[in-house]
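Shown next: entry07.pdb, given as PDB, C-alpha atoms.
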ATOM      1  CA  MET A   5       0.000   0.000   0.000  1.00  0.00           C
ATOM      2  CA  ASN A   6       1.648   3.193  -1.234  1.00  0.00           C
ATOM      3  CA  GLY A   7      -1.059   5.842  -1.103  1.00  0.00           C
ATOM      4  CA  ARG A   8      -2.393   8.170   1.527  1.00  0.00           C
ATOM      5  CA  ILE A   9      -5.541   9.244   3.347  1.00  0.00           C
ATOM      6  CA  ILE A  10      -5.917  12.914   4.245  1.00  0.00           C
ATOM      7  CA  ILE A  11      -8.549  13.804   6.838  1.00  0.00           C
ATOM      8  CA  MET A  12      -9.463  17.473   7.231  1.00  0.00           C
ATOM      9  CA  GLY A  13     -11.425  18.622  10.264  1.00  0.00           C
ATOM     10  CA  SER A  14     -12.842  21.597   8.327  1.00  0.00           C
ATOM     11  CA  GLY A  15     -11.533  24.452   6.183  1.00  0.00           C
ATOM     12  CA  GLU A  16     -10.990  22.184   3.200  1.00  0.00           C
ATOM     13  CA  LEU A  17     -11.304  25.150   0.807  1.00  0.00           C
ATOM     14  CA  ALA A  18      -9.393  27.630   2.974  1.00  0.00           C
ATOM     15  CA  PRO A  19      -5.954  28.957   1.966  1.00  0.00           C
ATOM     16  CA  GLY A  20      -4.316  27.290   4.965  1.00  0.00           C
ATOM     17  CA  LEU A  21      -4.865  23.770   3.596  1.00  0.00           C
ATOM     18  CA  VAL A  22      -4.110  24.395  -0.086  1.00  0.00           C
ATOM     19  CA  ALA A  23      -0.560  23.096   0.390  1.00  0.00           C
ATOM     20  CA  THR A  24      -1.932  19.884   1.914  1.00  0.00           C
ATOM     21  CA  HIS A  25      -4.160  19.308  -1.117  1.00  0.00           C
ATOM     22  CA  ARG A  26      -1.187  20.023  -3.378  1.00  0.00           C
ATOM     23  CA  HIS A  27       0.971  17.494  -1.560  1.00  0.00           C
ATOM     24  CA  GLY A  28      -1.704  14.822  -1.907  1.00  0.00           C
ATOM     25  CA  ILE A  29      -2.225  15.575  -5.592  1.00  0.00           C
ATOM     26  CA  GLU A  30       1.477  15.603  -6.465  1.00  0.00           C
ATOM     27  CA  ALA A  31       2.310  12.517  -4.419  1.00  0.00           C
ATOM     28  CA  ALA A  32      -0.437  10.599  -6.226  1.00  0.00           C
ATOM     29  CA  GLY A  33       0.588  11.891  -9.669  1.00  0.00           C
ATOM     30  CA  ALA A  34      -3.013  12.979 -10.238  1.00  0.00           C
ATOM     31  CA  ALA A  35      -4.000  14.796 -13.423  1.00  0.00           C
ATOM     32  CA  GLU A  36      -7.486  15.574 -12.148  1.00  0.00           C
ATOM     33  CA  VAL A  37      -9.557  15.599  -8.956  1.00  0.00           C
ATOM     34  CA  VAL A  38     -12.553  13.292  -8.714  1.00  0.00           C
ATOM     35  CA  ILE A  39     -15.176  14.991  -6.527  1.00  0.00           C
ATOM     36  CA  LEU A  40     -17.877  12.899  -4.843  1.00  0.00           C
ATOM     37  CA  ASN A  41     -21.054  14.980  -4.585  1.00  0.00           C
ATOM     38  CA  THR A  42     -23.097  12.509  -2.526  1.00  0.00           C
ATOM     39  CA  PRO A  43     -22.757  14.151   0.926  1.00  0.00           C
ATOM     40  CA  PHE A  44     -24.493  17.352  -0.244  1.00  0.00           C
ATOM     41  CA  GLY A  45     -26.691  15.685  -2.855  1.00  0.00           C
ATOM     42  CA  PHE A  46     -29.877  16.343  -0.866  1.00  0.00           C
ATOM     43  CA  GLN A  47     -29.429  20.130  -0.912  1.00  0.00           C
ATOM     44  CA  GLU A  48     -31.145  22.513  -3.317  1.00  0.00           C
ATOM     45  CA  ASN A  49     -27.857  24.240  -4.124  1.00  0.00           C
ATOM     46  CA  VAL A  50     -25.996  21.203  -5.490  1.00  0.00           C
ATOM     47  CA  PRO A  51     -24.967  23.056  -8.707  1.00  0.00           C
ATOM     48  CA  GLN A  52     -23.578  26.003  -6.741  1.00  0.00           C
ATOM     49  CA  LEU A  53     -21.669  23.807  -4.297  1.00  0.00           C
ATOM     50  CA  THR A  54     -20.282  21.743  -7.148  1.00  0.00           C
ATOM     51  CA  GLU A  55     -19.163  24.837  -9.016  1.00  0.00           C
ATOM     52  CA  ARG A  56     -17.471  26.163  -5.888  1.00  0.00           C
ATOM     53  CA  LEU A  57     -15.443  22.957  -5.484  1.00  0.00           C
ATOM     54  CA  VAL A  58     -14.479  22.856  -9.158  1.00  0.00           C
ATOM     55  CA  ASP A  59     -13.451  26.531  -9.024  1.00  0.00           C
ATOM     56  CA  PHE A  60     -11.369  25.937  -5.895  1.00  0.00           C
ATOM     57  CA  PHE A  61      -9.289  23.160  -7.401  1.00  0.00           C
ATOM     58  CA  GLY A  62      -9.022  24.941 -10.747  1.00  0.00           C
ATOM     59  CA  THR A  63      -8.028  28.313  -9.281  1.00  0.00           C
ATOM     60  CA  SER A  64      -6.037  27.411  -6.153  1.00  0.00           C
ATOM     61  CA  LEU A  65      -4.400  24.236  -7.464  1.00  0.00           C
ATOM     62  CA  THR A  66      -4.646  24.637 -11.274  1.00  0.00           C
ATOM     63  CA  ILE A  67      -6.024  21.132 -11.713  1.00  0.00           C
ATOM     64  CA  PRO A  68      -9.265  20.124 -13.442  1.00  0.00           C
ATOM     65  CA  SER A  69     -12.034  18.263 -11.648  1.00  0.00           C
ATOM     66  CA  ARG A  70     -14.510  15.579 -12.598  1.00  0.00           C
ATOM     67  CA  ILE A  71     -17.749  14.995 -10.683  1.00  0.00           C
ATOM     68  CA  ALA A  72     -18.604  11.441  -9.681  1.00  0.00           C
ATOM     69  CA  GLU A  73     -22.374  11.740  -9.439  1.00  0.00           C
ATOM     70  CA  LEU A  74     -24.467   9.690  -7.000  1.00  0.00           C
ATOM     71  CA  THR A  75     -27.130  11.654  -5.126  1.00  0.00           C
ATOM     72  CA  ARG A  76     -30.311   9.555  -5.298  1.00  0.00           C
ATOM     73  CA  ARG A  77     -31.403   6.726  -3.049  1.00  0.00           C
ATOM     74  CA  ASP A  78     -33.157   5.101  -6.007  1.00  0.00           C
ATOM     75  CA  ALA A  79     -30.085   5.149  -8.259  1.00  0.00           C
ATOM     76  CA  SER A  80     -29.882   2.177 -10.588  1.00  0.00           C
ATOM     77  CA  THR A  81     -27.298  -0.575 -10.316  1.00  0.00           C
ATOM     78  CA  VAL A  82     -25.614   0.799 -13.430  1.00  0.00           C
ATOM     79  CA  GLU A  83     -25.400   4.306 -11.938  1.00  0.00           C
ATOM     80  CA  ARG A  84     -23.858   2.920  -8.758  1.00  0.00           C
ATOM     81  CA  GLU A  85     -21.333   0.880 -10.733  1.00  0.00           C
ATOM     82  CA  ILE A  86     -20.356   3.901 -12.825  1.00  0.00           C
ATOM     83  CA  PHE A  87     -19.847   5.862  -9.600  1.00  0.00           C
ATOM     84  CA  THR A  88     -17.578   3.284  -7.941  1.00  0.00           C
ATOM     85  CA  ALA A  89     -15.679   2.743 -11.198  1.00  0.00           C
ATOM     86  CA  ALA A  90     -14.887   6.474 -11.290  1.00  0.00           C
ATOM     87  CA  ILE A  91     -13.496   6.197  -7.759  1.00  0.00           C
ATOM     88  CA  ARG A  92     -11.362   3.155  -8.539  1.00  0.00           C
ATOM     89  CA  LYS A  93      -9.798   4.867 -11.566  1.00  0.00           C
ATOM     90  CA  ALA A  94      -9.025   8.068  -9.647  1.00  0.00           C
ATOM     91  CA  ARG A  95      -5.673   9.189  -8.299  1.00  0.00           C
ATOM     92  CA  TYR A  96      -7.097  11.949  -6.099  1.00  0.00           C
ATOM     93  CA  VAL A  97     -10.587  11.612  -4.597  1.00  0.00           C
ATOM     94  CA  PHE A  98     -12.237  14.405  -2.614  1.00  0.00           C
ATOM     95  CA  ALA A  99     -15.464  14.604  -0.608  1.00  0.00           C
ATOM     96  CA  GLY A 100     -16.414  17.158   1.991  1.00  0.00           C
ATOM     97  CA  PRO A 101     -19.448  19.121   3.153  1.00  0.00           C
ATOM     98  CA  GLY A 102     -22.958  17.765   3.592  1.00  0.00           C
ATOM     99  CA  SER A 103     -24.597  15.080   5.724  1.00  0.00           C
ATOM    100  CA  PRO A 104     -22.712  11.928   6.756  1.00  0.00           C
ATOM    101  CA  SER A 105     -25.910   9.952   7.291  1.00  0.00           C
ATOM    102  CA  TYR A 106     -27.233  10.883   3.845  1.00  0.00           C
ATOM    103  CA  ALA A 107     -23.948   9.869   2.244  1.00  0.00           C
ATOM    104  CA  LEU A 108     -23.858   6.549   4.100  1.00  0.00           C
ATOM    105  CA  ASP A 109     -27.465   5.811   3.209  1.00  0.00           C
ATOM    106  CA  ILE A 110     -26.631   6.050  -0.489  1.00  0.00           C
ATOM    107  CA  TRP A 111     -23.102   4.620  -0.333  1.00  0.00           C
ATOM    108  CA  SER A 112     -24.340   1.552   1.574  1.00  0.00           C
ATOM    109  CA  GLU A 113     -25.913   0.370  -1.706  1.00  0.00           C
ATOM    110  CA  ALA A 114     -22.565   0.616  -3.530  1.00  0.00           C
ATOM    111  CA  ASP A 115     -19.054  -0.688  -2.831  1.00  0.00           C
ATOM    112  CA  VAL A 116     -17.730   2.752  -1.934  1.00  0.00           C
ATOM    113  CA  GLY A 117     -15.535   1.677   0.993  1.00  0.00           C
ATOM    114  CA  PRO A 118     -13.596  -0.979  -0.980  1.00  0.00           C
ATOM    115  CA  ALA A 119     -13.317   1.438  -3.920  1.00  0.00           C
ATOM    116  CA  LEU A 120     -11.707   4.089  -1.716  1.00  0.00           C
ATOM    117  CA  THR A 121      -9.345   1.515  -0.226  1.00  0.00           C
ATOM    118  CA  SER A 122      -8.301   0.437  -3.715  1.00  0.00           C
ATOM    119  CA  VAL A 123      -7.266   4.025  -4.499  1.00  0.00           C
ATOM    120  CA  VAL A 124      -4.975   4.086  -1.474  1.00  0.00           C
ATOM    121  CA  ARG A 125      -3.538   0.644  -2.221  1.00  0.00           C
ATOM    122  CA  ALA A 126      -2.724   1.768  -5.759  1.00  0.00           C
ATOM    123  CA  GLY A 127      -0.796   4.823  -4.557  1.00  0.00           C
ATOM    124  CA  GLY A 128      -3.545   7.419  -4.870  1.00  0.00           C
ATOM    125  CA  THR A 129      -4.882   9.923  -2.352  1.00  0.00           C
ATOM    126  CA  VAL A 130      -8.276   9.974  -0.658  1.00  0.00           C
ATOM    127  CA  THR A 131      -9.031  13.347   0.950  1.00  0.00           C
ATOM    128  CA  PHE A 132     -12.189  13.488   3.036  1.00  0.00           C
ATOM    129  CA  ALA A 133     -13.177  16.561   5.035  1.00  0.00           C
ATOM    130  CA  SER A 134     -15.853  17.577   7.507  1.00  0.00           C
ATOM    131  CA  ALA A 135     -19.051  15.545   6.956  1.00  0.00           C
ATOM    132  CA  ALA A 136     -17.405  13.089   4.581  1.00  0.00           C
ATOM    133  CA  ALA A 137     -14.567  12.483   7.044  1.00  0.00           C
ATOM    134  CA  LEU A 138     -17.091  11.153   9.570  1.00  0.00           C
ATOM    135  CA  THR A 139     -17.896   8.243   7.255  1.00  0.00           C
ATOM    136  CA  LEU A 140     -14.354   6.831   7.097  1.00  0.00           C
ATOM    137  CA  GLY A 141     -14.353   5.156  10.512  1.00  0.00           C
ATOM    138  CA  ARG A 142     -16.006   2.076  11.931  1.00  0.00           C
ATOM    139  CA  ARG A 143     -18.808   4.172  13.419  1.00  0.00           C
ATOM    140  CA  THR A 144     -20.200   7.551  12.389  1.00  0.00           C
ATOM    141  CA  ILE A 145     -21.863  10.360  14.338  1.00  0.00           C
ATOM    142  CA  PRO A 146     -25.209  11.282  12.691  1.00  0.00           C
ATOM    143  CA  VAL A 147     -24.554  14.894  13.540  1.00  0.00           C
ATOM    144  CA  TYR A 148     -27.656  16.486  11.992  1.00  0.00           C
ATOM    145  CA  GLU A 149     -30.037  14.025  13.587  1.00  0.00           C
ATOM    146  CA  ILE A 150     -28.555  14.561  17.052  1.00  0.00           C
ATOM    147  CA  TYR A 151     -27.661  18.253  17.027  1.00  0.00           C
ATOM    148  CA  LYS A 152     -30.478  19.640  14.863  1.00  0.00           C
ATOM    149  CA  VAL A 153     -33.336  17.138  15.090  1.00  0.00           C
ATOM    150  CA  GLY A 154     -32.864  16.122  18.709  1.00  0.00           C
ATOM    151  CA  LYS A 155     -32.519  12.362  18.395  1.00  0.00           C
ATOM    152  CA  ALA A 156     -30.773  10.523  21.202  1.00  0.00           C
ATOM    153  CA  PRO A 157     -27.016  10.221  20.693  1.00  0.00           C
ATOM    154  CA  HIS A 158     -26.194   7.078  18.733  1.00  0.00           C
ATOM    155  CA  TRP A 159     -23.752   5.663  16.221  1.00  0.00           C
ATOM    156  CA  LEU A 160     -24.232   4.673  12.606  1.00  0.00           C
ATOM    157  CA  ASP A 161     -22.079   2.073  10.908  1.00  0.00           C
ATOM    158  CA  GLY A 162     -19.345   3.800   8.915  1.00  0.00           C
ATOM    159  CA  LEU A 163     -17.504   2.769   5.763  1.00  0.00           C
ATOM    160  CA  ASP A 164     -14.667   1.479   7.976  1.00  0.00           C
ATOM    161  CA  VAL A 165     -12.024   2.397   5.419  1.00  0.00           C
ATOM    162  CA  MET A 166      -9.640   3.109   8.288  1.00  0.00           C
ATOM    163  CA  SER A 167      -9.794  -0.530   9.357  1.00  0.00           C
ATOM    164  CA  ASP A 168      -9.175  -1.633   5.772  1.00  0.00           C
ATOM    165  CA  VAL A 169      -5.886   0.293   5.787  1.00  0.00           C
ATOM    166  CA  GLY A 170      -4.865  -1.045   9.193  1.00  0.00           C
ATOM    167  CA  LEU A 171      -5.907   1.915  11.352  1.00  0.00           C
ATOM    168  CA  PRO A 172      -9.251   0.973  12.953  1.00  0.00           C
ATOM    169  CA  CYS A 173     -10.870   3.991  14.589  1.00  0.00           C
ATOM    170  CA  VAL A 174     -13.808   6.365  14.652  1.00  0.00           C
ATOM    171  CA  VAL A 175     -13.146   9.686  12.893  1.00  0.00           C
ATOM    172  CA  VAL A 176     -14.464  12.890  14.489  1.00  0.00           C
ATOM    173  CA  PRO A 177     -13.808  16.151  12.586  1.00  0.00           C
ATOM    174  CA  HIS A 178     -14.647  19.598  13.990  1.00  0.00           C
ATOM    175  CA  TRP A 179     -13.031  18.267  17.184  1.00  0.00           C
ATOM    176  CA  ASN A 180     -12.472  21.727  18.690  1.00  0.00           C
ATOM    177  CA  ASN A 181     -15.600  23.449  17.379  1.00  0.00           C
ATOM    178  CA  ALA A 182     -16.680  26.369  19.567  1.00  0.00           C
ATOM    179  CA  GLU A 183     -19.647  27.795  17.651  1.00  0.00           C
ATOM    180  CA  GLY A 184     -22.016  27.024  20.520  1.00  0.00           C
ATOM    181  CA  GLY A 185     -20.662  29.848  22.642  1.00  0.00           C
ATOM    182  CA  ASN A 186     -22.602  29.102  25.846  1.00  0.00           C
ATOM    183  CA  HIS A 187     -22.834  25.347  25.168  1.00  0.00           C
ATOM    184  CA  ASP A 188     -20.331  22.703  24.099  1.00  0.00           C
ATOM    185  CA  THR A 189     -20.259  22.054  20.356  1.00  0.00           C
ATOM    186  CA  SER A 190     -16.856  20.412  20.264  1.00  0.00           C
ATOM    187  CA  ARG A 191     -16.499  16.799  19.081  1.00  0.00           C
ATOM    188  CA  CYS A 192     -18.356  17.625  15.850  1.00  0.00           C
ATOM    189  CA  TYR A 193     -21.245  19.389  17.635  1.00  0.00           C
ATOM    190  CA  LEU A 194     -21.863  16.382  19.876  1.00  0.00           C
ATOM    191  CA  GLY A 195     -20.062  17.911  22.862  1.00  0.00           C
ATOM    192  CA  GLU A 196     -17.702  16.137  25.231  1.00  0.00           C
ATOM    193  CA  ARG A 197     -20.460  14.981  27.604  1.00  0.00           C
ATOM    194  CA  ARG A 198     -22.470  13.182  24.943  1.00  0.00           C
ATOM    195  CA  LEU A 199     -19.388  11.737  23.280  1.00  0.00           C
ATOM    196  CA  SER A 200     -18.290  10.328  26.640  1.00  0.00           C
ATOM    197  CA  LEU A 201     -21.675   8.632  26.986  1.00  0.00           C
ATOM    198  CA  LEU A 202     -21.297   6.983  23.579  1.00  0.00           C
ATOM    199  CA  GLU A 203     -17.634   6.058  23.906  1.00  0.00           C
ATOM    200  CA  PRO A 204     -18.149   2.822  25.903  1.00  0.00           C
ATOM    201  CA  GLU A 205     -20.037   1.409  22.906  1.00  0.00           C
ATOM    202  CA  LEU A 206     -16.900   1.583  20.759  1.00  0.00           C
ATOM    203  CA  GLU A 207     -14.469  -1.271  20.288  1.00  0.00           C
ATOM    204  CA  VAL A 208     -11.899   1.057  18.671  1.00  0.00           C
ATOM    205  CA  GLY A 209     -10.344   4.402  19.545  1.00  0.00           C
ATOM    206  CA  ILE A 210     -11.175   7.880  18.271  1.00  0.00           C
ATOM    207  CA  LEU A 211      -9.275  10.069  15.844  1.00  0.00           C
ATOM    208  CA  GLY A 212     -10.237  13.698  16.486  1.00  0.00           C
ATOM    209  CA  VAL A 213      -9.209  16.339  13.940  1.00  0.00           C
ATOM    210  CA  ASP A 214      -9.467  20.041  14.788  1.00  0.00           C
ATOM    211  CA  GLU A 215     -10.975  22.572  12.420  1.00  0.00           C
ATOM    212  CA  HIS A 216      -8.686  23.955   9.694  1.00  0.00           C
ATOM    213  CA  THR A 217      -6.389  21.023  10.389  1.00  0.00           C
ATOM    214  CA  ALA A 218      -5.341  17.975   8.360  1.00  0.00           C
ATOM    215  CA  ALA A 219      -4.083  14.553   9.404  1.00  0.00           C
ATOM    216  CA  VAL A 220      -2.079  13.023   6.543  1.00  0.00           C
ATOM    217  CA  PHE A 221      -1.672   9.243   6.725  1.00  0.00           C
ATOM    218  CA  ASP A 222       1.052   8.348   4.222  1.00  0.00           C
ATOM    219  CA  PHE A 223       1.456   4.604   3.768  1.00  0.00           C
ATOM    220  CA  HIS A 224       4.469   5.042   1.497  1.00  0.00           C
ATOM    221  CA  THR A 225       6.516   6.837   4.158  1.00  0.00           C
ATOM    222  CA  GLY A 226       4.800   5.086   7.075  1.00  0.00           C
ATOM    223  CA  ARG A 227       4.064   8.380   8.788  1.00  0.00           C
ATOM    224  CA  CYS A 228       1.121  10.421  10.072  1.00  0.00           C
ATOM    225  CA  GLU A 229       1.776  14.169   9.838  1.00  0.00           C
ATOM    226  CA  VAL A 230      -0.361  17.069  11.082  1.00  0.00           C
ATOM    227  CA  PHE A 231      -0.804  20.331   9.168  1.00  0.00           C
ATOM    228  CA  GLY A 232      -2.909  23.454   9.674  1.00  0.00           C
ATOM    229  CA  ARG A 233      -4.025  25.538  12.639  1.00  0.00           C
ATOM    230  CA  GLY A 234      -4.904  22.943  15.253  1.00  0.00           C
ATOM    231  CA  THR A 235      -4.129  19.499  16.591  1.00  0.00           C
ATOM    232  CA  VAL A 236      -5.040  15.852  16.045  1.00  0.00           C
ATOM    233  CA  THR A 237      -6.161  13.772  19.029  1.00  0.00           C
ATOM    234  CA  LEU A 238      -5.687  10.010  19.316  1.00  0.00           C
ATOM    235  CA  ARG A 239      -7.996   8.808  22.062  1.00  0.00           C
ATOM    236  CA  GLY A 240      -8.450   5.289  23.396  1.00  0.00           C
ATOM    237  CA  GLU A 241      -7.186   3.770  26.635  1.00  0.00           C
ATOM    238  CA  SER A 242      -5.002   6.881  26.805  1.00  0.00           C
ATOM    239  CA  GLN A 243      -4.939  10.145  24.878  1.00  0.00           C
ATOM    240  CA  HIS A 244      -2.197  11.548  22.679  1.00  0.00           C
ATOM    241  CA  VAL A 245      -2.335  14.991  21.041  1.00  0.00           C
ATOM    242  CA  LEU A 246      -0.286  15.780  17.945  1.00  0.00           C
ATOM    243  CA  GLU A 247       0.522  19.425  17.348  1.00  0.00           C
ATOM    244  CA  SER A 248       0.619  20.940  13.860  1.00  0.00           C
ATOM    245  CA  GLY A 249       4.002  20.355  12.269  1.00  0.00           C
ATOM    246  CA  THR A 250       4.562  17.093  14.148  1.00  0.00           C
ATOM    247  CA  GLY A 251       3.859  13.455  13.401  1.00  0.00           C
ATOM    248  CA  LEU A 252       4.478   9.864  14.353  1.00  0.00           C
ATOM    249  CA  ASP A 253       5.124   6.502  12.731  1.00  0.00           C
ATOM    250  CA  LEU A 254       1.988   4.675  11.628  1.00  0.00           C
ATOM    251  CA  GLU A 255       3.225   1.458  13.163  1.00  0.00           C
TER     252      GLU A 255
END

In structure tokens, how does this file's structure come out?
Amino acid sequence: MNGRIIIMGSGELAPGLVATHRHGIEAAGAAEVVILNTPFGFQENVPQLTERLVDFFGTSLTIPSRIAELTRRDASTVEREIFTAAIRKARYVFAGPGSPSYALDIWSEADVGPALTSVVRAGGTVTFASAAALTLGRRTIPVYEIYKVGKAPHWLDGLDVMSDVGLPCVVVPHWNNAEGGNHDTSRCYLGERRLSLLEPELEVGILGVDEHTAAVFDFHTGRCEVFGRGTVTLRGESQHVLESGTGLDLE
């Protein structure tokens, strides 16, 4: 396995993480970016969001983009196969904003997890940010349902790509979110109290990625490196915090 997984806690289109995208693109030898539009496929502004992503990669990184389209629950078998084939052929795959539960609902009908793993095994780069990043682990926080709708805290099954590459965990972006002001919205809006209640249900540890921060797992070099404004937290039986500009061996 010679590729890499880049997990961004947020700020995937901000200037501070452009260099991280560039590293992933160049290391993979990618000639284009394949953008997965599923996470935001339920929104009315899909064309605008798509255009914004295409413009970002074209302007900030001077690389063209191709959209891998899968936004409907009733997509045909052929449409799902075309979608996963586009992933498998890609050298640089990106997905970001939207709803993790919506993405998982649609991706569960296609072999998206194995397709992403195949990109990494072939030396490509998978970059998932924000909502999409939540889907990479063994379990996923259904953030909208808990924070906005008021459902009891619970886990969804994730794609478990991290286990496929030998790093079983649950991925939590927006780890240091502070938008709540007078209430705790860290841990991807779940808050520390509610995350602590759910943690005993996990059989793996947690990878927490701060906002405007990237954790780069490079299987060619055997290293995890942290870039951006914040930190990356490895939390299990003990807790280890990696500052920006530092890293550790994957083994």

Suppose you want the space between atom CA of A:Val116 and atom CA of A:Phe87; what is it in Å?
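Atom CA of A:Val116 sits 8.5 Å away from atom CA of A:Phe87.
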
Written as a list of chain:residue names, what is the full residue list that the PyMOL selection byres ((chain A and resi 125) around 7) yields on the file shown?
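Against this file, the PyMOL selection byres ((chain A and resi 125) around 7) returns the residues A:Met5, A:Asn6, A:Gly7, A:Thr121, A:Ser122, A:Val123, A:Val124, A:Ala126, A:Gly127.
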
I would like the residues chosen by the PyMOL selection byres ((chain A and resi 97) around 7) on the shown file; could you give them as a PyMOL selection string?
chain A and resi 37-39+91+94-96+98-99+129-131

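For the atom pair formed by atom CA of A:Asp222 and atom CA of A:Ile29, the distance is 12.6 Å, given to one decimal.
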
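Using all atoms listed in the file for every distance, the candidate list A:Ala218, A:Val230, A:Ala31, A:Ala182 yields A:Ala218 as the residue closest to A:Ala137.
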
Determine the residue set returned by the PyMOL selection byres ((chain A and resi 67-84) around 7) for the present structure, and present it as a PyMOL selection string.
chain A and resi 35-42+45-46+58+61-62+65-66+85-88+90+110+114

Nearest to A:Trp179 among A:Ile150, A:Cys192, A:Ile9, A:Leu21, with distances taken over only C-alpha atoms: which residue is it?
A:Cys192

When you count all atoms listed in the file, which of these residues is closest to A:Ser64: A:Arg26, A:Asn49, A:Lys93, A:Val153?
A:Arg26

Closest to A:Leu160 among A:Asn181, A:Ser190, A:Ser112, A:Ser105, using all atoms listed in the file?
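For A:Leu160, the nearest of the candidates is A:Ser105.
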
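Take the candidates A:Gly184, A:Gly240, A:Gly232, A:Gly251 and check each one against A:Thr24 using only C-alpha atoms; the shortest distance goes to A:Gly232.
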
As a list in words, please: the residues near A:Thr237 (cut-off 9 Å, all atoms listed in the file, same-chain neighbours under 2 positions excluded).
Trp179, Ile210, Leu211, Gly212, Val213, Asp214, Thr235, Arg239, Gln243, His244, Val245, Leu246 and Glu247 of chain A

Pull out stretch 176-187 of chain A, keep N, CA and C atoms, and write it as an mmCIF file, in the first residue's frame.
data_model
loop_
_atom_site.group_PDB
_atom_site.id
_atom_site.type_symbol
_atom_site.label_atom_id
_atom_site.label_comp_id
_atom_site.auth_asym_id
_atom_site.auth_seq_id
_atom_site.Cartn_x
_atom_site.Cartn_y
_atom_site.Cartn_z
ATOM 1 N N VAL A 176 -13.630 11.770 14.034
ATOM 2 C CA VAL A 176 -14.464 12.890 14.489
ATOM 3 C C VAL A 176 -13.817 14.206 14.062
ATOM 4 N N PRO A 177 -14.299 14.831 12.975
ATOM 5 C CA PRO A 177 -13.808 16.151 12.586
ATOM 6 C C PRO A 177 -14.424 17.231 13.471
ATOM 7 N N HIS A 178 -14.124 18.477 13.185
ATOM 8 C CA HIS A 178 -14.647 19.598 13.990
ATOM 9 C C HIS A 178 -14.415 19.325 15.484
ATOM 10 N N TRP A 179 -13.294 18.719 15.817
ATOM 11 C CA TRP A 179 -13.031 18.267 17.184
ATOM 12 C C TRP A 179 -13.064 19.422 18.174
ATOM 13 N N ASN A 180 -12.572 20.589 17.773
ATOM 14 C CA ASN A 180 -12.472 21.727 18.690
ATOM 15 C C ASN A 180 -13.513 22.807 18.397
ATOM 16 N N ASN A 181 -14.598 22.450 17.731
ATOM 17 C CA ASN A 181 -15.600 23.449 17.379
ATOM 18 C C ASN A 181 -16.087 24.215 18.609
ATOM 19 N N ALA A 182 -16.252 25.525 18.445
ATOM 20 C CA ALA A 182 -16.680 26.369 19.567
ATOM 21 C C ALA A 182 -17.823 27.295 19.173
ATOM 22 N N GLU A 183 -18.571 26.931 18.124
ATOM 23 C CA GLU A 183 -19.647 27.795 17.651
ATOM 24 C C GLU A 183 -20.773 27.938 18.668
ATOM 25 N N GLY A 184 -20.912 26.986 19.566
ATOM 26 C CA GLY A 184 -22.016 27.024 20.520
ATOM 27 C C GLY A 184 -21.971 28.179 21.487
ATOM 28 N N GLY A 185 -20.771 28.719 21.723
ATOM 29 C CA GLY A 185 -20.662 29.848 22.642
ATOM 30 C C GLY A 185 -20.949 29.442 24.072
ATOM 31 N N ASN A 186 -22.235 29.423 24.463
ATOM 32 C CA ASN A 186 -22.602 29.102 25.846
ATOM 33 C C ASN A 186 -22.917 27.618 26.039
ATOM 34 N N HIS A 187 -22.691 26.790 24.995
ATOM 35 C CA HIS A 187 -22.834 25.347 25.168
ATOM 36 C C HIS A 187 -21.785 24.636 24.310
#
